[in-house]
>>> print(open('upload_7.txt').read())   # compact mmCIF, C-alpha atoms and all ligand atoms
# COMPACT_ATOMS: atom_id res chain seq x y z
CA GLN A 1 -71.50 -25.36 -52.00
CA PHE A 2 -69.70 -26.22 -55.24
CA ILE A 3 -65.92 -26.77 -55.40
CA LEU A 4 -63.88 -27.13 -58.57
CA GLY A 5 -60.97 -29.53 -58.03
CA ILE A 6 -57.83 -29.51 -60.17
CA GLU A 7 -55.20 -32.29 -60.10
CA THR A 8 -52.00 -32.40 -62.17
CA SER A 9 -49.42 -33.83 -59.75
CA CYS A 10 -48.29 -36.71 -61.95
CA ASP A 11 -49.58 -38.15 -65.21
CA GLU A 12 -53.32 -37.47 -64.95
CA THR A 13 -54.81 -34.13 -65.97
CA ALA A 14 -58.00 -34.09 -63.93
CA MET A 15 -60.82 -31.72 -62.98
CA ALA A 16 -64.02 -32.33 -61.05
CA ILE A 17 -66.91 -30.49 -59.45
CA VAL A 18 -68.08 -31.70 -56.04
CA LYS A 19 -71.22 -30.53 -54.22
CA ASN A 20 -71.06 -30.06 -50.42
CA GLY A 21 -67.85 -32.07 -50.25
CA VAL A 22 -69.60 -35.39 -50.80
CA GLU A 23 -71.42 -35.48 -54.13
CA VAL A 24 -69.61 -35.80 -57.46
CA VAL A 25 -71.26 -33.57 -60.08
CA ALA A 26 -68.63 -34.07 -62.80
CA ASN A 27 -65.33 -35.95 -62.82
CA VAL A 28 -62.98 -35.83 -65.83
CA VAL A 29 -59.60 -37.58 -66.00
CA ALA A 30 -57.28 -37.37 -69.01
CA SER A 31 -54.64 -40.05 -68.55
CA GLN A 32 -51.24 -39.90 -70.24
CA ILE A 33 -50.36 -43.52 -69.57
CA GLU A 34 -50.07 -44.33 -73.29
CA SER A 35 -47.36 -41.67 -73.76
CA HIS A 36 -45.26 -42.92 -70.85
CA LYS A 37 -45.67 -46.66 -71.47
CA ARG A 38 -42.75 -47.04 -73.85
CA PHE A 39 -40.43 -45.46 -71.28
CA GLY A 40 -41.66 -47.81 -68.55
CA GLY A 41 -42.51 -44.93 -66.23
CA VAL A 42 -43.55 -41.30 -66.05
CA VAL A 43 -41.20 -38.89 -67.87
CA PRO A 44 -41.56 -35.50 -66.12
CA GLU A 45 -40.95 -33.38 -69.25
CA ILE A 46 -43.58 -35.27 -71.23
CA ALA A 47 -46.02 -35.07 -68.31
CA SER A 48 -45.78 -31.26 -68.12
CA ARG A 49 -46.26 -30.87 -71.85
CA HIS A 50 -49.36 -33.09 -71.78
CA HIS A 51 -50.88 -31.12 -68.91
CA VAL A 52 -50.48 -27.89 -70.88
CA GLU A 53 -52.17 -29.45 -73.89
CA GLN A 54 -55.00 -31.07 -71.93
CA ILE A 55 -55.90 -28.61 -69.20
CA THR A 56 -58.25 -26.34 -71.19
CA ILE A 57 -59.94 -29.31 -72.85
CA VAL A 58 -60.49 -30.99 -69.48
CA LEU A 59 -61.82 -27.72 -68.00
CA GLU A 60 -64.36 -27.29 -70.80
CA GLU A 61 -65.46 -30.91 -70.61
CA THR A 62 -65.93 -30.72 -66.85
CA PHE A 63 -68.21 -27.68 -66.97
CA GLU A 64 -70.06 -29.07 -69.98
CA LYS A 65 -70.80 -32.31 -68.11
CA ALA A 66 -71.94 -30.43 -65.01
CA ASN A 67 -73.88 -27.92 -67.12
CA MET A 68 -72.33 -25.20 -64.95
CA SER A 69 -69.76 -22.42 -65.27
CA VAL A 70 -66.87 -21.12 -63.16
CA GLU A 71 -69.21 -18.42 -61.84
CA ASP A 72 -71.22 -21.14 -60.06
CA MET A 73 -68.21 -22.30 -58.02
CA ASP A 74 -67.69 -21.28 -54.39
CA ALA A 75 -63.97 -22.02 -54.54
CA ILE A 76 -61.22 -23.52 -56.63
CA ALA A 77 -59.15 -26.27 -55.00
CA VAL A 78 -55.87 -27.41 -56.51
CA THR A 79 -53.19 -29.97 -55.67
CA GLU A 80 -50.16 -27.94 -54.56
CA GLY A 81 -48.01 -30.99 -53.74
CA PRO A 82 -46.42 -33.44 -53.43
CA GLY A 83 -45.66 -34.53 -56.99
CA LEU A 84 -43.62 -33.54 -60.03
CA VAL A 85 -42.89 -29.83 -59.80
CA GLY A 86 -43.38 -29.11 -63.50
CA ALA A 87 -46.64 -31.04 -63.54
CA LEU A 88 -47.97 -29.42 -60.34
CA LEU A 89 -47.19 -25.95 -61.69
CA ILE A 90 -49.63 -26.34 -64.60
CA GLY A 91 -52.50 -27.05 -62.21
CA VAL A 92 -51.49 -24.40 -59.67
CA ASN A 93 -51.10 -21.69 -62.30
CA SER A 94 -54.38 -22.60 -64.00
CA ALA A 95 -56.18 -22.49 -60.66
CA LYS A 96 -54.64 -19.12 -59.84
CA ALA A 97 -55.58 -17.70 -63.24
CA LEU A 98 -59.19 -18.90 -62.92
CA ALA A 99 -59.53 -17.70 -59.33
CA PHE A 100 -58.07 -14.31 -60.20
CA ALA A 101 -60.14 -13.82 -63.36
CA LYS A 102 -63.43 -14.90 -61.72
CA ASN A 103 -62.68 -13.52 -58.26
CA LYS A 104 -63.01 -16.89 -56.50
CA PRO A 105 -61.33 -18.16 -53.31
CA LEU A 106 -58.35 -20.42 -53.91
CA VAL A 107 -57.57 -23.46 -51.76
CA GLY A 108 -54.36 -25.52 -51.85
CA VAL A 109 -54.76 -29.26 -51.30
CA HIS A 110 -52.24 -31.94 -50.29
CA HIS A 111 -52.44 -34.80 -52.81
CA ILE A 112 -52.52 -37.49 -50.11
CA ALA A 113 -55.24 -35.64 -48.18
CA GLY A 114 -57.10 -35.88 -51.49
CA HIS A 115 -56.59 -39.65 -51.78
CA ILE A 116 -57.93 -40.02 -48.22
CA TYR A 117 -60.97 -37.80 -48.86
CA ALA A 118 -61.94 -39.87 -51.92
CA ASN A 119 -63.55 -42.11 -49.28
CA ARG A 120 -65.82 -39.33 -48.02
CA LEU A 121 -67.55 -39.29 -51.42
CA ASN A 122 -69.10 -42.60 -50.29
CA LYS A 123 -69.59 -42.29 -46.57
CA GLU A 124 -69.23 -39.70 -43.79
CA PHE A 125 -66.07 -40.08 -41.69
CA SER A 126 -66.24 -41.20 -38.03
CA PHE A 127 -63.29 -40.15 -35.87
CA PRO A 128 -60.83 -41.30 -34.80
CA LEU A 129 -60.10 -43.15 -38.03
CA LEU A 130 -57.12 -44.93 -39.49
CA ALA A 131 -56.15 -44.43 -43.13
CA LEU A 132 -53.97 -46.89 -45.02
CA VAL A 133 -52.49 -44.92 -47.92
CA VAL A 134 -50.98 -47.12 -50.63
CA SER A 135 -50.09 -45.32 -53.82
CA GLY A 136 -47.35 -44.94 -56.41
CA GLY A 137 -45.21 -42.76 -54.15
CA HIS A 138 -46.58 -43.31 -50.62
CA THR A 139 -47.24 -46.10 -48.14
CA GLU A 140 -48.46 -44.68 -44.85
CA LEU A 141 -50.66 -45.40 -41.87
CA ILE A 142 -52.34 -42.18 -40.78
CA VAL A 143 -54.53 -41.44 -37.77
CA MET A 144 -57.16 -38.71 -38.14
CA ARG A 145 -58.86 -37.37 -35.02
CA GLU A 146 -60.80 -34.66 -36.83
CA HIS A 147 -61.28 -33.30 -40.34
CA GLY A 148 -58.14 -31.96 -41.97
CA SER A 149 -55.74 -33.33 -39.36
CA PHE A 150 -53.29 -36.10 -40.17
CA GLU A 151 -50.84 -37.94 -37.89
CA ILE A 152 -48.49 -40.34 -39.66
CA ILE A 153 -47.87 -43.36 -37.37
CA GLY A 154 -45.98 -45.45 -39.93
CA GLU A 155 -44.52 -45.13 -43.40
CA THR A 156 -42.30 -46.93 -45.88
CA ARG A 157 -38.57 -46.79 -45.30
CA ASP A 158 -37.79 -47.42 -48.97
CA ASP A 159 -40.14 -48.19 -51.87
CA ALA A 160 -43.84 -47.37 -51.87
CA ALA A 161 -46.26 -50.27 -52.38
CA GLY A 162 -47.24 -49.10 -55.87
CA GLU A 163 -43.60 -48.57 -56.76
CA ALA A 164 -42.83 -52.17 -55.72
CA TYR A 165 -45.72 -53.39 -57.88
CA ASP A 166 -44.44 -51.41 -60.86
CA LYS A 167 -40.83 -52.58 -60.44
CA VAL A 168 -41.75 -56.24 -60.05
CA ALA A 169 -44.07 -55.93 -63.06
CA ARG A 170 -41.18 -54.57 -65.05
CA THR A 171 -39.00 -57.61 -64.25
CA LEU A 172 -41.91 -59.78 -65.36
CA GLN A 173 -41.98 -57.75 -68.60
CA LEU A 174 -45.49 -56.48 -67.98
CA PRO A 175 -46.57 -53.04 -69.29
CA TYR A 176 -46.49 -49.86 -67.16
CA PRO A 177 -48.17 -49.29 -64.76
CA GLY A 178 -47.74 -52.85 -63.59
CA GLY A 179 -50.05 -52.92 -60.53
CA PRO A 180 -53.24 -53.90 -62.37
CA HIS A 181 -51.36 -56.55 -64.44
CA ILE A 182 -49.90 -58.24 -61.36
CA ASP A 183 -53.32 -58.11 -59.72
CA ARG A 184 -54.85 -59.84 -62.76
CA LEU A 185 -52.14 -62.56 -62.91
CA ALA A 186 -52.22 -63.10 -59.13
CA LYS A 187 -55.89 -64.07 -59.36
CA VAL A 188 -55.08 -67.15 -61.46
CA GLY A 189 -51.65 -67.94 -59.99
CA GLU A 190 -50.66 -69.92 -56.93
CA ALA A 191 -48.72 -68.28 -54.09
CA ASN A 192 -46.23 -71.16 -53.98
CA ILE A 193 -42.99 -69.14 -53.66
CA ASP A 194 -42.07 -68.13 -50.13
CA PHE A 195 -41.06 -64.46 -50.46
CA PRO A 196 -40.01 -62.56 -47.32
CA ARG A 197 -42.39 -60.46 -45.22
CA ALA A 198 -40.80 -57.28 -43.85
CA TRP A 199 -42.33 -57.00 -40.38
CA LEU A 200 -39.52 -54.75 -39.04
CA GLU A 201 -39.47 -54.11 -35.26
CA ASP A 202 -42.35 -55.50 -33.17
CA ASP A 203 -43.77 -52.09 -32.32
CA SER A 204 -43.21 -50.47 -35.71
CA TYR A 205 -45.92 -49.46 -38.16
CA ASP A 206 -43.30 -48.73 -40.81
CA PHE A 207 -43.08 -50.68 -44.04
CA SER A 208 -40.28 -51.86 -46.33
CA PHE A 209 -40.70 -53.30 -49.80
CA SER A 210 -37.23 -53.11 -51.36
CA GLY A 211 -36.13 -56.45 -49.85
CA LEU A 212 -39.19 -58.16 -51.30
CA LYS A 213 -38.56 -56.57 -54.68
CA SER A 214 -34.93 -57.82 -54.64
CA ALA A 215 -36.08 -61.30 -53.58
CA VAL A 216 -38.41 -61.47 -56.58
CA ILE A 217 -35.66 -60.33 -58.96
CA ASN A 218 -33.15 -62.81 -57.48
CA THR A 219 -35.62 -65.69 -57.64
CA LEU A 220 -36.29 -64.95 -61.31
CA HIS A 221 -32.56 -64.73 -62.14
CA ASN A 222 -31.74 -67.95 -60.27
CA ALA A 223 -34.51 -69.82 -62.04
CA GLU A 224 -33.30 -68.51 -65.39
CA GLN A 225 -29.73 -69.64 -64.69
CA ARG A 226 -30.92 -73.10 -63.72
CA GLY A 227 -33.02 -73.24 -66.86
CA VAL A 228 -36.23 -73.40 -64.87
CA THR A 229 -39.22 -71.36 -65.99
CA LEU A 230 -41.38 -69.97 -63.23
CA LYS A 231 -44.98 -69.18 -64.07
CA LYS A 232 -45.51 -65.41 -64.09
CA GLU A 233 -48.90 -66.00 -62.48
CA ASP A 234 -47.28 -67.78 -59.53
CA VAL A 235 -44.60 -65.11 -59.08
CA ALA A 236 -47.31 -62.44 -59.15
CA ALA A 237 -49.49 -64.33 -56.66
CA SER A 238 -46.56 -64.97 -54.31
CA PHE A 239 -45.39 -61.34 -54.45
CA GLN A 240 -48.92 -60.06 -53.88
CA ALA A 241 -49.45 -62.44 -50.96
CA SER A 242 -46.42 -60.95 -49.20
CA VAL A 243 -47.49 -57.33 -49.79
CA VAL A 244 -51.10 -57.92 -48.80
CA GLU A 245 -50.26 -59.92 -45.67
CA VAL A 246 -48.01 -57.19 -44.24
CA LEU A 247 -50.34 -54.31 -45.17
CA THR A 248 -53.37 -56.06 -43.69
CA ALA A 249 -51.69 -57.21 -40.46
CA LYS A 250 -50.15 -53.79 -39.67
CA THR A 251 -53.38 -51.97 -40.47
CA TYR A 252 -55.35 -54.32 -38.21
CA LYS A 253 -52.90 -53.99 -35.33
CA ALA A 254 -52.88 -50.18 -35.58
CA ALA A 255 -56.68 -50.03 -35.82
CA LYS A 256 -56.93 -51.98 -32.55
CA GLU A 257 -54.22 -50.03 -30.75
CA TYR A 258 -55.70 -46.65 -31.66
CA GLY A 259 -59.29 -47.79 -31.08
CA VAL A 260 -60.51 -46.28 -34.33
CA LYS A 261 -64.12 -46.20 -35.49
CA GLN A 262 -63.27 -46.55 -39.18
CA VAL A 263 -60.47 -47.86 -41.36
CA ILE A 264 -60.19 -46.26 -44.77
CA VAL A 265 -58.00 -47.30 -47.68
CA ALA A 266 -56.64 -44.82 -50.21
CA GLY A 267 -54.37 -44.53 -53.25
CA GLY A 268 -53.89 -46.49 -56.46
CA VAL A 269 -53.02 -49.80 -54.76
CA ALA A 270 -56.42 -49.63 -52.97
CA ALA A 271 -57.71 -50.80 -56.36
CA ASN A 272 -55.94 -54.12 -55.77
CA GLN A 273 -58.48 -56.92 -55.58
CA GLY A 274 -56.26 -59.10 -53.37
CA LEU A 275 -55.84 -56.29 -50.84
CA ARG A 276 -59.54 -55.36 -50.89
CA ASN A 277 -60.56 -58.99 -50.26
CA GLU A 278 -58.06 -59.57 -47.48
CA LEU A 279 -58.95 -56.35 -45.64
CA GLN A 280 -62.64 -57.18 -45.89
CA LEU A 281 -61.99 -60.65 -44.45
CA LYS A 282 -59.82 -59.32 -41.64
CA PHE A 283 -62.05 -56.47 -40.51
CA ASN A 284 -65.28 -58.30 -41.31
CA ASP A 285 -67.94 -56.47 -39.27
CA GLU A 286 -65.55 -55.66 -36.46
CA ILE A 287 -64.49 -52.20 -37.62
CA GLU A 288 -66.13 -50.29 -40.48
CA LEU A 289 -63.97 -50.44 -43.60
CA LEU A 290 -64.19 -47.88 -46.42
CA ILE A 291 -62.57 -48.52 -49.80
CA PRO A 292 -63.22 -46.19 -52.74
CA PRO A 293 -64.66 -47.43 -56.04
CA LEU A 294 -61.88 -48.28 -58.50
CA ASP A 295 -61.96 -44.99 -60.44
CA LEU A 296 -61.52 -42.98 -57.24
CA CYS A 297 -58.49 -45.01 -56.05
CA THR A 298 -56.09 -43.73 -58.69
CA ASP A 299 -55.49 -40.02 -59.32
CA ASN A 300 -58.57 -37.89 -59.92
CA ALA A 301 -59.78 -34.40 -59.05
CA ALA A 302 -63.02 -35.34 -57.26
CA MET A 303 -60.86 -36.33 -54.29
CA ILE A 304 -59.07 -32.95 -54.45
CA ALA A 305 -62.40 -31.10 -54.47
CA ALA A 306 -63.62 -33.28 -51.57
CA ALA A 307 -60.56 -32.44 -49.45
CA GLY A 308 -60.71 -28.84 -50.70
CA SER A 309 -64.27 -28.54 -49.41
CA ILE A 310 -63.13 -29.33 -45.85
CA ALA A 311 -60.15 -26.96 -46.08
CA TYR A 312 -62.50 -24.27 -47.43
CA ASP A 313 -65.00 -24.83 -44.59
CA GLN A 314 -62.14 -24.58 -42.10
CA GLY A 315 -61.26 -21.17 -43.50
CA HIS A 316 -58.11 -22.18 -45.31
CA ARG A 317 -57.34 -19.82 -48.21
CA ALA A 318 -54.32 -19.71 -50.48
CA GLY A 319 -52.88 -16.39 -51.62
CA TRP A 320 -51.62 -15.37 -55.05
CA ASP A 321 -48.22 -16.58 -53.87
CA LEU A 322 -49.47 -20.20 -53.85
CA ASN A 323 -46.69 -22.31 -55.33
CA ALA A 324 -46.15 -25.92 -56.33
CA ASN A 325 -44.39 -27.77 -53.51
CA PRO A 326 -43.02 -31.14 -54.73
CA SER A 327 -42.26 -32.31 -51.18
CA LEU A 328 -45.21 -30.83 -49.26
CA ASP A 329 -45.38 -32.37 -45.76
CA LEU A 330 -48.78 -33.84 -44.80
CA GLU A 331 -48.58 -33.20 -41.04
CA LYS A 332 -47.45 -29.59 -41.53
CA TYR A 333 -50.15 -29.15 -44.16
CA SER A 334 -52.81 -30.31 -41.69
CA LEU A 335 -51.65 -27.85 -39.03
CA ARG A 336 -51.76 -25.02 -41.51
CA GLY A 337 -55.15 -26.09 -42.88
CA THR A 338 -56.93 -26.13 -39.53
CA LEU A 339 -57.99 -22.89 -37.92
P1 LIG A 401 -48.82 -40.60 -55.11
O1 LIG A 401 -50.29 -40.58 -54.95
O2 LIG A 401 -48.11 -41.30 -54.01
O3 LIG A 401 -48.25 -39.26 -55.40
P2 LIG A 401 -49.37 -41.61 -57.73
O4 LIG A 401 -50.35 -40.50 -57.75
O5 LIG A 401 -48.49 -41.82 -58.88
O6 LIG A 401 -48.50 -41.50 -56.41
P3 LIG A 401 -51.66 -43.31 -57.62
O7 LIG A 401 -52.24 -42.73 -58.83
O8 LIG A 401 -52.35 -43.11 -56.36
O9 LIG A 401 -50.12 -42.96 -57.46
O10 LIG A 401 -51.49 -44.87 -57.85
C1 LIG A 401 -50.76 -45.39 -58.94
C2 LIG A 401 -50.14 -46.67 -58.47
O11 LIG A 401 -51.18 -47.63 -58.16
C3 LIG A 401 -49.25 -47.34 -59.49
O12 LIG A 401 -48.06 -47.73 -58.86
C4 LIG A 401 -50.07 -48.55 -59.93
O13 LIG A 401 -49.29 -49.65 -60.35
C5 LIG A 401 -50.83 -48.87 -58.68
N1 LIG A 401 -52.04 -49.66 -58.94
C6 LIG A 401 -53.13 -49.30 -59.67
N2 LIG A 401 -54.02 -50.32 -59.71
C7 LIG A 401 -53.49 -51.34 -59.00
C8 LIG A 401 -53.90 -52.67 -58.67
N3 LIG A 401 -55.07 -53.15 -59.11
N4 LIG A 401 -53.07 -53.42 -57.93
C9 LIG A 401 -51.89 -52.93 -57.47
N5 LIG A 401 -51.44 -51.71 -57.76
C10 LIG A 401 -52.22 -50.91 -58.50
MG MG A 402 -50.94 -41.78 -62.27
FE FE A 403 -51.82 -40.23 -56.33
>>> encode(input="upload_7.txt", output="structure tokens")
Amino acid sequence: QFILGIETSCDETAMAIVKNGVEVVANVVASQIESHKRFGGVVPEIASRHHVEQITIVLEETFEKANMSVEDMDAIAVTEGPGLVGALLIGVNSAKALAFAKNKPLVGVHHIAGHIYANRLNKEFSFPLLALVVSGGHTELIVMREHGSFEIIGETRDDAAGEAYDKVARTLQLPYPGGPHIDRLAKVGEANIDFPRAWLEDDSYDFSFSGLKSAVINTLHNAEQRGVTLKKEDVAASFQASVVEVLTAKTYKAAKEYGVKQVIVAGGVAANQGLRNELQLKFNDEIELLIPPLDLCTDNAAMIAAAGSIAYDQGHRAGWDLNANPSLDLEKYSLRGTL
């Protein structure tokens, strides 16, 4: 079985071909980061325009690399949401056009289901499992009891983890996206500033990062006013220590409570070296931990094809009325996707 995956939810135009849901045959990502850098974030209008320019080039490159053609595909899977509506539409409409022209089944994929299924490209899932999703727009703890089913047991009440990284990076005058820069600085810095940890209520698996973000900004302003210079490396290390401690502790507690067989980590912040190290230490050999290779943490289409393969096997088909849904709900998506 060969699935073509298409991903255009944000600022990456990506296509990939995945065999049997687990083997990457080709994986092409055209990033627009350079065009958005000078604005310090993704500009939706610019993103859409880039997708239009890139999509045919990425399509040709993907099939060239795989030495295959659309005819060889069993289905076409596309991110239908969540994301930027104008960006999503380019992918959805391209997928519909291809599926219609070549008479192929069309499958809609939830972007976060994709991030989670990036892990299945390395190792088969064992249920029940717990997924920690940490990306630019999401921070969630999700329990999966079977393929294609997602129960959110905790989520952020304000900023997403990646968003906090990007905002703090901005105050430190680091380029967009700031996550990798903070990660790099944190490695050489000392976590000597005591930033708050947002544990919330004892029994809550929710997260909050806006207080931490404000604490970092206030600390920097206060230091400036007193004429003290804080080392960026130390601020980065202290901020990261707070984020990583809360993410790791809540994930561990939930893994125990739900008695899961695997813990998987997904989304752009899963690329964070501090988080990867801490989770590995915490789970050790106690519970199996899956973390994707770096290039499958951030947005790509191999993960969309991997999730699409499961949805396809479960009989999920999209009609010609498939539309971009910028606020697609993961739990509702999983109910719809399962037969
Ligand atoms: P979503 O998936 O929620 O719709 P998105 O697709 O924009 O959002 P991703 O591509 O999954 O997000 O991840 C991008 C985010 O990951 C950015 O916020 C970026 O700063 C962050 N990120 C990438 N690498 C690292 C790293 N090494 N450390 C921390 N954060 C990182
Ligand atoms: Mg991106
Ligand atoms: Fe993403």
>>> residues_near_ligand(input="upload_7.txt", ligand="ligand FE 403 (chain A)", cutoff="12 Å", atoms="all atoms listed in the file", output="JSON, numbers by chain")
{"A": [7, 8, 9, 10, 11, 12, 13, 14, 79, 81, 82, 83, 84, 110, 111, 112, 113, 114, 115, 116, 118, 133, 134, 135, 136, 137, 138, 139, 160, 162, 163, 266, 267, 268, 269, 270, 295, 296, 297, 298, 299, 300, 301, 303, 304]}
>>> residues_around(input="upload_7.txt", residues="Leu129 in chain A", least_positions_apart="6", cutoff="7 Å", atoms="only C-alpha atoms", output="list in words")
Val143, Met144, Arg145, Val260, Lys261, Gln262 and Val263 of chain A
>>> residues_near_point(input="upload_7.txt", point="(-64.8, -30.5, -71.0)", cutoff="12 Å", atoms="only C-alpha atoms", output="PyMOL selection string")
chain A and resi 13-17+26-30+54-69
>>> write_last_selection(input="upload_7.txt", atoms="C-alpha atoms", output="mmCIF file, in the coordinates of the input")
data_model
loop_
_atom_site.group_PDB
_atom_site.id
_atom_site.type_symbol
_atom_site.label_atom_id
_atom_site.label_comp_id
_atom_site.auth_asym_id
_atom_site.auth_seq_id
_atom_site.Cartn_x
_atom_site.Cartn_y
_atom_site.Cartn_z
ATOM 1 C CA THR A 13 -54.810 -34.130 -65.970
ATOM 2 C CA ALA A 14 -58.000 -34.090 -63.930
ATOM 3 C CA MET A 15 -60.820 -31.720 -62.980
ATOM 4 C CA ALA A 16 -64.020 -32.330 -61.050
ATOM 5 C CA ILE A 17 -66.910 -30.490 -59.450
ATOM 6 C CA ALA A 26 -68.630 -34.070 -62.800
ATOM 7 C CA ASN A 27 -65.330 -35.950 -62.820
ATOM 8 C CA VAL A 28 -62.980 -35.830 -65.830
ATOM 9 C CA VAL A 29 -59.600 -37.580 -66.000
ATOM 10 C CA ALA A 30 -57.280 -37.370 -69.010
ATOM 11 C CA GLN A 54 -55.000 -31.070 -71.930
ATOM 12 C CA ILE A 55 -55.900 -28.610 -69.200
ATOM 13 C CA THR A 56 -58.250 -26.340 -71.190
ATOM 14 C CA ILE A 57 -59.940 -29.310 -72.850
ATOM 15 C CA VAL A 58 -60.490 -30.990 -69.480
ATOM 16 C CA LEU A 59 -61.820 -27.720 -68.000
ATOM 17 C CA GLU A 60 -64.360 -27.290 -70.800
ATOM 18 C CA GLU A 61 -65.460 -30.910 -70.610
ATOM 19 C CA THR A 62 -65.930 -30.720 -66.850
ATOM 20 C CA PHE A 63 -68.210 -27.680 -66.970
ATOM 21 C CA GLU A 64 -70.060 -29.070 -69.980
ATOM 22 C CA LYS A 65 -70.800 -32.310 -68.110
ATOM 23 C CA ALA A 66 -71.940 -30.430 -65.010
ATOM 24 C CA ASN A 67 -73.880 -27.920 -67.120
ATOM 25 C CA MET A 68 -72.330 -25.200 -64.950
ATOM 26 C CA SER A 69 -69.760 -22.420 -65.270
#
>>> residues_around(input="upload_7.txt", residues="Gly148 in chain A", least_positions_apart="4", cutoff="12 Å", atoms="only C-alpha atoms", output="ChimeraX atom specification")
/A:109-110,112-114,116-117,125,127,142-144,306-316,330-339
>>> closest_residue(input="upload_7.txt", among="A:Ile287, A:Leu88, A:Leu130, A:Leu106", to="ligand LIG 401 (chain A)", atoms="all atoms listed in the file")
A:Leu88
>>> closest_residue(input="upload_7.txt", among="A:Ile152, A:Ile217, A:Leu185, A:Leu141", to="Arg170 in chain A", atoms="only C-alpha atoms")
A:Ile217
>>> closest_residue(input="upload_7.txt", among="A:His147, A:Arg184, A:Lys123, A:Lys231", to="ligand LIG 401 (chain A)", atoms="all atoms listed in the file")
A:Arg184
>>> closest_residue(input="upload_7.txt", among="A:Val244, A:Met73, A:Gly40, A:Lys253", to="Asp203 in chain A", atoms="only C-alpha atoms")
A:Lys253
>>> atom_distance(input="upload_7.txt", atom1="CA of Ala255 in chain A", atom2="CA of Lys282 in chain A")
11.4 Å
>>> atom_distance(input="upload_7.txt", atom1="CA of Ala324 in chain A", atom2="CA of Lys102 in chain A")
21.2 Å
>>> residues_around(input="upload_7.txt", residues="Gly274 in chain A", least_positions_apart="5", cutoff="12 Å", atoms="only C-alpha atoms", output="PyMOL selection string")
chain A and resi 179-180+182-189+191+236-245+247-248+269+279-281
>>> closest_residue(input="upload_7.txt", among="A:Val25, A:Val43, A:Val216, A:Ala164", to="ligand LIG 401 (chain A)", atoms="all atoms listed in the file")
A:Ala164
>>> atom_distance(input="upload_7.txt", atom1="CA of Ser208 in chain A", atom2="CA of Asp158 in chain A")
5.7 Å
>>> closest_residue(input="upload_7.txt", among="A:Asp159, A:Ala99, A:Gly178, A:Asp329", to="ligand MG 402 (chain A)", atoms="all atoms listed in the file")
A:Gly178
